[in-house]
Structure formats: C-alpha cells, structure tokens
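A.B. asks: Okay, handing you the structure first.
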Amino acid sequence: MTQEDLSFSAADDAEDAPDAPPPGTKNYITPAGLARLQAERQQLWRVERPEIVRVVEWAAGNGDRSENGDYIYGKRRLREIDRRLRFLDKRIAAAEPVDPAQQKNRAQVFFGATVTYAREDDREVTVTIVGIDETESGKNCISWISPVARALMKARVGDVVTLRSPTGIETLEILAISYPPVESVGS
C-alpha cells in the first residue's frame, strides 16, 4: 500500500466546517468535554485506525482491489477515521477550557450555567450552556452560541429576556441559575 492510498484531500473536511465557532471567537469547552474529545481521538488513533489499516493491507494483498469488499469498505472507513481525526485535532487545538465550577459570579448566566426559564406558554425548560462540541439534546445541553444561550447570557433570576428565533420573538423569564459545586482541594 502506498502513501497515496492513505492520503486525503482537505475537501474531506468540508462537512465538519459548519460546526466551527464564529470567526474571531474562542472554542469554549468544559474540562469534561475536552477530556471526551481527547479520549475519542485516542481511541480512533490507537485502536480503530491501526485495526482498519491491518484489514486494508491484508485485503490489498489479495489481488484485485476493484471487487474486494474488505478493501473498499476499509478504505472508506479509513477516510472517515482520518477525517474525524483532523476534525478532532482542530477542535482540541482551538479549545479554550472553562471550568464552570470556578465561576465566581453565580448570580448571572455565563458559560457552564444550568438555567431554568419559563416560556410564554408557562412551560419550564432547564438547559445547561456548554461548548459547541458538547451539545446533547437528550440532556438539554445547548451550545453557548445558540440563540437561546445568547439570549440568556448575563441574565439574573427574575429577568425577562427576549429570544429572537426564526419562528419569531419570544420572552423568557429566568427562574433559576446554578453551577457545578466548587470542588475543594485536599478533601
């Protein structure tokens, strides 16, 4: 297998671009989120990629590559892994870890806050503001650059903020703000 067989173009990274933070801003992330990115990168680099390389090398040695499913699938999977590794490398390099537990001003909404707010229909929603690489809809983790998070930033309990979204303007009332507890050293 030649180096050319393993090379990929920058165009392979194009699908990762929309998730990038806005130009000129930092890629804020919690320490736990950064650790998850680093663990994923380690898993791909040390476990999955070497195994796929072994399969591709074995399949390449079997002769005709044009109809060799192991070779074709292996090459495709290798491209996916390499694309994800490049993406993770960029995100990790640009990451700016922020520990929400260290937030001094806990009366206002900042990165890492868990906020409960009431919508106009009196429905209560609780979200945690995290980095763009940590969002999980099932856990109500939203990106700090999302419209909701931007509307909530710097608000205090009792404040009413305006959310501008594609569906229109909505007011949200801040009901509660919390941060992870400060971990004491030496306990």
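Ordering of the structure tokens sets the chain letters (A, B, ...); residue numbers start at 1 within each chain; ligands are numbered from 1 in the order shown.
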Counting only C-alpha atoms, what is within 12 Å of Thr135 (chain A), bar same-chain residues fewer than 4 positions away, as a PDB file with all heavy atoms, in the first residue's frame?

C.D. replies:
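Output file part.pdb follows:
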```
ATOM      1  N   ASP A  19     -19.887  23.341  11.957  1.00  0.00           N
ATOM      2  CA  ASP A  19     -19.908  23.304  13.406  1.00  0.00           C
ATOM      3  C   ASP A  19     -18.841  24.176  14.047  1.00  0.00           C
ATOM      4  O   ASP A  19     -18.720  24.194  15.261  1.00  0.00           O
ATOM      5  CB  ASP A  19     -19.729  21.864  13.898  1.00  0.00           C
ATOM      6  CG  ASP A  19     -20.885  20.979  13.493  1.00  0.00           C
ATOM      7  OD1 ASP A  19     -22.008  21.481  13.383  1.00  0.00           O
ATOM      8  OD2 ASP A  19     -20.644  19.790  13.288  1.00  0.00           O
ATOM      9  N   ILE A  29     -15.043  25.232  25.995  1.00  0.00           N
ATOM     10  CA  ILE A  29     -15.425  23.847  26.270  1.00  0.00           C
ATOM     11  C   ILE A  29     -15.179  23.577  27.748  1.00  0.00           C
ATOM     12  O   ILE A  29     -14.277  24.173  28.344  1.00  0.00           O
ATOM     13  CB  ILE A  29     -14.622  22.870  25.368  1.00  0.00           C
ATOM     14  CG1 ILE A  29     -15.173  21.457  25.435  1.00  0.00           C
ATOM     15  CG2 ILE A  29     -13.143  22.912  25.680  1.00  0.00           C
ATOM     16  CD1 ILE A  29     -14.626  20.541  24.335  1.00  0.00           C
ATOM     17  N   THR A  30     -15.988  22.708  28.339  1.00  0.00           N
ATOM     18  CA  THR A  30     -15.750  22.335  29.734  1.00  0.00           C
ATOM     19  C   THR A  30     -14.581  21.359  29.791  1.00  0.00           C
ATOM     20  O   THR A  30     -14.282  20.691  28.799  1.00  0.00           O
ATOM     21  CB  THR A  30     -17.002  21.684  30.359  1.00  0.00           C
ATOM     22  OG1 THR A  30     -17.267  20.462  29.668  1.00  0.00           O
ATOM     23  CG2 THR A  30     -18.209  22.613  30.318  1.00  0.00           C
ATOM     24  N   GLY A  33     -15.727  18.007  28.694  1.00  0.00           N
ATOM     25  CA  GLY A  33     -15.931  17.936  27.246  1.00  0.00           C
ATOM     26  C   GLY A  33     -14.619  17.779  26.501  1.00  0.00           C
ATOM     27  O   GLY A  33     -14.517  17.001  25.550  1.00  0.00           O
ATOM     28  N   GLY A 112     -21.437  27.429  31.121  1.00  0.00           N
ATOM     29  CA  GLY A 112     -21.467  26.354  32.107  1.00  0.00           C
ATOM     30  C   GLY A 112     -22.642  26.394  33.058  1.00  0.00           C
ATOM     31  O   GLY A 112     -22.841  25.469  33.841  1.00  0.00           O
ATOM     32  N   VAL A 127     -31.833  24.094  30.836  1.00  0.00           N
ATOM     33  CA  VAL A 127     -30.745  23.835  29.893  1.00  0.00           C
ATOM     34  C   VAL A 127     -29.415  24.116  30.578  1.00  0.00           C
ATOM     35  O   VAL A 127     -29.345  24.911  31.515  1.00  0.00           O
ATOM     36  CB  VAL A 127     -30.862  24.704  28.614  1.00  0.00           C
ATOM     37  CG1 VAL A 127     -32.116  24.359  27.831  1.00  0.00           C
ATOM     38  CG2 VAL A 127     -30.821  26.182  28.928  1.00  0.00           C
ATOM     39  N   THR A 128     -28.379  23.456  30.090  1.00  0.00           N
ATOM     40  CA  THR A 128     -27.020  23.741  30.527  1.00  0.00           C
ATOM     41  C   THR A 128     -26.266  24.274  29.325  1.00  0.00           C
ATOM     42  O   THR A 128     -26.299  23.693  28.242  1.00  0.00           O
ATOM     43  CB  THR A 128     -26.334  22.469  31.075  1.00  0.00           C
ATOM     44  OG1 THR A 128     -27.111  21.984  32.177  1.00  0.00           O
ATOM     45  CG2 THR A 128     -24.919  22.765  31.550  1.00  0.00           C
ATOM     46  N   ILE A 129     -25.578  25.393  29.521  1.00  0.00           N
ATOM     47  CA  ILE A 129     -24.854  26.052  28.432  1.00  0.00           C
ATOM     48  C   ILE A 129     -23.434  25.496  28.389  1.00  0.00           C
ATOM     49  O   ILE A 129     -22.670  25.646  29.348  1.00  0.00           O
ATOM     50  CB  ILE A 129     -24.853  27.580  28.625  1.00  0.00           C
ATOM     51  CG1 ILE A 129     -26.299  28.083  28.666  1.00  0.00           C
ATOM     52  CG2 ILE A 129     -24.040  28.255  27.534  1.00  0.00           C
ATOM     53  CD1 ILE A 129     -26.452  29.524  29.073  1.00  0.00           C
ATOM     54  N   VAL A 130     -23.105  24.840  27.272  1.00  0.00           N
ATOM     55  CA  VAL A 130     -21.819  24.155  27.124  1.00  0.00           C
ATOM     56  C   VAL A 130     -21.175  24.536  25.788  1.00  0.00           C
ATOM     57  O   VAL A 130     -21.736  25.304  25.016  1.00  0.00           O
ATOM     58  CB  VAL A 130     -21.994  22.624  27.211  1.00  0.00           C
ATOM     59  CG1 VAL A 130     -22.490  22.204  28.585  1.00  0.00           C
ATOM     60  CG2 VAL A 130     -22.931  22.114  26.137  1.00  0.00           C
ATOM     61  N   GLY A 131     -20.030  23.939  25.503  1.00  0.00           N
ATOM     62  CA  GLY A 131     -19.325  24.182  24.254  1.00  0.00           C
ATOM     63  C   GLY A 131     -20.037  23.556  23.067  1.00  0.00           C
ATOM     64  O   GLY A 131     -20.861  22.652  23.228  1.00  0.00           O
ATOM     65  N   LYS A 139     -30.020  15.581  26.888  1.00  0.00           N
ATOM     66  CA  LYS A 139     -29.594  16.053  28.201  1.00  0.00           C
ATOM     67  C   LYS A 139     -29.799  17.554  28.349  1.00  0.00           C
ATOM     68  O   LYS A 139     -29.338  18.148  29.312  1.00  0.00           O
ATOM     69  CB  LYS A 139     -28.123  15.696  28.434  1.00  0.00           C
ATOM     70  CG  LYS A 139     -27.882  14.208  28.522  1.00  0.00           C
ATOM     71  CD  LYS A 139     -26.453  13.921  28.886  1.00  0.00           C
ATOM     72  CE  LYS A 139     -26.234  12.429  29.036  1.00  0.00           C
ATOM     73  NZ  LYS A 139     -24.884  12.106  29.453  1.00  0.00           N
ATOM     74  N   ASN A 140     -30.454  18.175  27.367  1.00  0.00           N
ATOM     75  CA  ASN A 140     -30.713  19.615  27.375  1.00  0.00           C
ATOM     76  C   ASN A 140     -29.444  20.447  27.502  1.00  0.00           C
ATOM     77  O   ASN A 140     -29.426  21.460  28.186  1.00  0.00           O
ATOM     78  CB  ASN A 140     -31.723  19.990  28.457  1.00  0.00           C
ATOM     79  CG  ASN A 140     -33.108  19.494  28.118  1.00  0.00           C
ATOM     80  OD1 ASN A 140     -33.425  19.256  26.961  1.00  0.00           O
ATOM     81  ND2 ASN A 140     -33.933  19.329  29.124  1.00  0.00           N
ATOM     82  N   CYS A 141     -28.380  20.008  26.852  1.00  0.00           N
ATOM     83  CA  CYS A 141     -27.142  20.765  26.788  1.00  0.00           C
ATOM     84  C   CYS A 141     -27.161  21.564  25.483  1.00  0.00           C
ATOM     85  O   CYS A 141     -27.282  20.975  24.410  1.00  0.00           O
ATOM     86  CB  CYS A 141     -25.932  19.838  26.814  1.00  0.00           C
ATOM     87  SG  CYS A 141     -25.733  18.972  28.373  1.00  0.00           S
ATOM     88  N   ILE A 142     -27.060  22.886  25.609  1.00  0.00           N
ATOM     89  CA  ILE A 142     -27.097  23.735  24.416  1.00  0.00           C
ATOM     90  C   ILE A 142     -25.778  24.477  24.259  1.00  0.00           C
ATOM     91  O   ILE A 142     -25.088  24.758  25.234  1.00  0.00           O
ATOM     92  CB  ILE A 142     -28.282  24.739  24.465  1.00  0.00           C
ATOM     93  CG1 ILE A 142     -28.145  25.699  25.642  1.00  0.00           C
ATOM     94  CG2 ILE A 142     -29.613  23.997  24.508  1.00  0.00           C
ATOM     95  CD1 ILE A 142     -29.132  26.855  25.628  1.00  0.00           C
ATOM     96  N   SER A 143     -25.443  24.788  23.034  1.00  0.00           N
ATOM     97  CA  SER A 143     -24.215  25.494  22.721  1.00  0.00           C
ATOM     98  C   SER A 143     -24.282  26.938  23.199  1.00  0.00           C
ATOM     99  O   SER A 143     -25.321  27.587  23.113  1.00  0.00           O
ATOM    100  CB  SER A 143     -23.994  25.466  21.208  1.00  0.00           C
ATOM    101  OG  SER A 143     -22.998  26.390  20.850  1.00  0.00           O
ATOM    102  N   TRP A 144     -23.147  27.445  23.654  1.00  0.00           N
ATOM    103  CA  TRP A 144     -23.085  28.830  24.127  1.00  0.00           C
ATOM    104  C   TRP A 144     -23.319  29.832  23.001  1.00  0.00           C
ATOM    105  O   TRP A 144     -23.598  31.004  23.261  1.00  0.00           O
ATOM    106  CB  TRP A 144     -21.758  29.098  24.830  1.00  0.00           C
ATOM    107  CG  TRP A 144     -20.556  29.046  23.925  1.00  0.00           C
ATOM    108  CD1 TRP A 144     -19.858  27.940  23.549  1.00  0.00           C
ATOM    109  CD2 TRP A 144     -19.916  30.143  23.287  1.00  0.00           C
ATOM    110  NE1 TRP A 144     -18.833  28.274  22.719  1.00  0.00           N
ATOM    111  CE2 TRP A 144     -18.838  29.624  22.544  1.00  0.00           C
ATOM    112  CE3 TRP A 144     -20.133  31.511  23.272  1.00  0.00           C
ATOM    113  CZ2 TRP A 144     -17.992  30.429  21.782  1.00  0.00           C
ATOM    114  CZ3 TRP A 144     -19.285  32.322  22.516  1.00  0.00           C
ATOM    115  CH2 TRP A 144     -18.218  31.766  21.785  1.00  0.00           C
ATOM    116  N   ILE A 145     -23.258  29.375  21.730  1.00  0.00           N
ATOM    117  CA  ILE A 145     -23.509  30.293  20.618  1.00  0.00           C
ATOM    118  C   ILE A 145     -24.924  30.155  20.070  1.00  0.00           C
ATOM    119  O   ILE A 145     -25.297  30.842  19.131  1.00  0.00           O
ATOM    120  CB  ILE A 145     -22.482  30.114  19.472  1.00  0.00           C
ATOM    121  CG1 ILE A 145     -22.542  28.712  18.888  1.00  0.00           C
ATOM    122  CG2 ILE A 145     -21.087  30.471  19.948  1.00  0.00           C
ATOM    123  CD1 ILE A 145     -21.696  28.517  17.644  1.00  0.00           C
ATOM    124  N   SER A 146     -25.745  29.297  20.684  1.00  0.00           N
ATOM    125  CA  SER A 146     -27.128  29.121  20.227  1.00  0.00           C
ATOM    126  C   SER A 146     -27.939  30.372  20.555  1.00  0.00           C
ATOM    127  O   SER A 146     -27.602  31.123  21.481  1.00  0.00           O
ATOM    128  CB  SER A 146     -27.758  27.900  20.885  1.00  0.00           C
ATOM    129  OG  SER A 146     -27.986  28.154  22.258  1.00  0.00           O
ATOM    130  N   ALA A 149     -29.018  30.437  24.283  1.00  0.00           N
ATOM    131  CA  ALA A 149     -27.915  30.744  25.203  1.00  0.00           C
ATOM    132  C   ALA A 149     -27.531  32.216  25.114  1.00  0.00           C
ATOM    133  O   ALA A 149     -27.297  32.863  26.144  1.00  0.00           O
ATOM    134  CB  ALA A 149     -26.717  29.860  24.899  1.00  0.00           C
TER     135      ALA A 149
END
```

A.B. asks: Might you pull out every residue within 7 Å of region 113-123 of chain A, with only C-alpha atoms counted and same-chain residues fewer than 4 positions away left off, and present them as a VMD selection string?

C.D. replies: chain A and resid 100 109 127 to 129 170 to 179

A.B. asks: Give me the residues within 12 Å of region 66-72 of chain A as a CSV table (one decimal) with N, CA and C atoms, in the first residue's frame, counting only C-alpha atoms and dropping any in the same chain fewer than 2 places off.

C.D. replies:
```
chain,number,residue,atom,x,y,z
A,1,MET,N,0.9,-1.2,0.0
A,1,MET,CA,0.0,0.0,0.0
A,1,MET,C,0.9,1.2,0.0
A,5,ASP,N,-2.3,5.9,-1.3
A,5,ASP,CA,-3.5,5.2,-0.9
A,5,ASP,C,-4.1,5.7,0.4
A,52,ILE,N,-8.1,-1.0,11.2
A,52,ILE,CA,-8.5,-0.9,9.8
A,52,ILE,C,-7.4,-0.9,8.8
A,53,VAL,N,-6.2,-0.3,9.2
A,53,VAL,CA,-5.0,-0.4,8.3
A,53,VAL,C,-4.6,-1.8,8.1
A,54,ARG,N,-4.7,-2.6,9.2
A,54,ARG,CA,-4.3,-4.1,9.0
A,54,ARG,C,-5.3,-4.8,8.1
A,55,VAL,N,-6.6,-4.5,8.2
A,55,VAL,CA,-7.5,-5.1,7.3
A,55,VAL,C,-7.3,-4.7,5.8
A,56,VAL,N,-7.0,-3.4,5.6
A,56,VAL,CA,-6.8,-2.9,4.3
A,56,VAL,C,-5.5,-3.5,3.7
A,57,GLU,N,-4.5,-3.6,4.5
A,57,GLU,CA,-3.2,-4.2,4.0
A,57,GLU,C,-3.5,-5.6,3.6
A,58,TRP,N,-4.2,-6.4,4.4
A,58,TRP,CA,-4.5,-7.8,4.2
A,58,TRP,C,-5.3,-7.9,2.9
A,59,ALA,N,-6.3,-7.0,2.8
A,59,ALA,CA,-7.2,-7.1,1.6
A,59,ALA,C,-6.5,-6.7,0.3
A,60,ALA,N,-5.6,-5.7,0.4
A,60,ALA,CA,-4.8,-5.3,-0.7
A,60,ALA,C,-3.9,-6.4,-1.2
A,61,GLY,N,-3.4,-7.3,-0.3
A,61,GLY,CA,-2.6,-8.4,-0.7
A,61,GLY,C,-3.3,-9.5,-1.4
A,62,ASN,N,-4.7,-9.4,-1.4
A,62,ASN,CA,-5.5,-10.5,-2.0
A,62,ASN,C,-5.7,-10.3,-3.5
A,63,GLY,N,-5.1,-9.3,-4.1
A,63,GLY,CA,-5.2,-9.2,-5.6
A,63,GLY,C,-6.1,-8.1,-6.0
A,64,ASP,N,-7.0,-8.4,-6.9
A,64,ASP,CA,-7.9,-7.4,-7.5
A,64,ASP,C,-8.7,-6.6,-6.4
A,74,GLY,N,-12.8,-0.9,3.9
A,74,GLY,CA,-11.7,-0.5,4.7
A,74,GLY,C,-11.2,0.9,4.4
A,75,LYS,N,-11.0,1.1,3.1
A,75,LYS,CA,-10.5,2.4,2.6
A,75,LYS,C,-11.5,3.5,3.0
A,76,ARG,N,-12.8,3.2,2.8
A,76,ARG,CA,-13.8,4.2,3.1
A,76,ARG,C,-13.8,4.5,4.6
A,77,ARG,N,-13.7,3.5,5.4
A,77,ARG,CA,-13.7,3.6,6.9
A,77,ARG,C,-12.4,4.4,7.3
A,78,LEU,N,-11.3,4.1,6.7
A,78,LEU,CA,-10.1,4.8,7.0
A,78,LEU,C,-10.2,6.3,6.7
A,79,ARG,N,-10.9,6.6,5.6
A,79,ARG,CA,-11.1,8.1,5.2
A,79,ARG,C,-12.0,8.7,6.3
```

A.B. asks: Compare A:Ala155, A:Val125, A:Leu44, A:Ala95 by their minimum atom-to-atom distance to Asp82 (chain A), counting only C-alpha atoms, and give me the closest one.

C.D. replies: A:Leu44

A.B. asks: Return as number ranges by chain the full set of residues in region 57-187 of chain A whose backbone-based DSSP assignment is alpha helix (DSSP H).

C.D. replies: A: 57-60, 69-94, 147-152

A.B. asks: Would you please give, as a ChimeraX atom specification, all residues of region 129-165 of chain A that DSSP assigns to strand (DSSP E) based on the backbone?

C.D. replies: /A:129-130,141-143,160-165

A.B. asks: Using only C-alpha atoms, pick whichever of A:Ile81, A:Leu88, A:Ala151, A:Ala101 has the shortest atom-to-atom distance to Pro50 (chain A).

C.D. replies: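 Answer, going by the shortest atom-to-atom distance: A:Ile81.
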
A.B. asks: Please provide as a list in words all residues within 7 Å of Pro31 (chain A), with the sequence filter that same-chain residues fewer than 2 positions apart are discarded (counting only C-alpha atoms).

C.D. replies: Ile29, Gly33, Leu34, Ala35, Pro97, Val98 and Asp99 of chain A

A.B. asks: For those residues, write C-alpha atoms to a file as a JSON list (two decimals), in the first residue's frame.

C.D. replies:
```json
[["chain", "number", "residue", "atom", "x", "y", "z"],
["A", 29, "ILE", "CA", -15.42, 23.85, 26.27],
["A", 33, "GLY", "CA", -15.93, 17.94, 27.25],
["A", 34, "LEU", "CA", -12.27, 18.38, 26.32],
["A", 35, "ALA", "CA", -11.43, 15.08, 28.01],
["A", 97, "PRO", "CA", -11.28, 25.01, 28.61],
["A", 98, "VAL", "CA", -13.53, 26.85, 31.06],
["A", 99, "ASP", "CA", -14.44, 25.18, 34.34]]
```

A.B. asks: Contacts of Gln108 (chain A) at 8 Å or less, counting only C-alpha atoms, minus same-chain residues fewer than 3 places along, as a PyMOL selection string?

C.D. replies: chain A and resi 105+153-157+177

A.B. asks: Calculate how many Å separate CA of Leu163 (chain A) from CA of Pro22 (chain A), rounding to one decimal.

C.D. replies: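 Atom-to-atom, CA of Leu163 (chain A) and CA of Pro22 (chain A) are spaced 19.3 Å apart.
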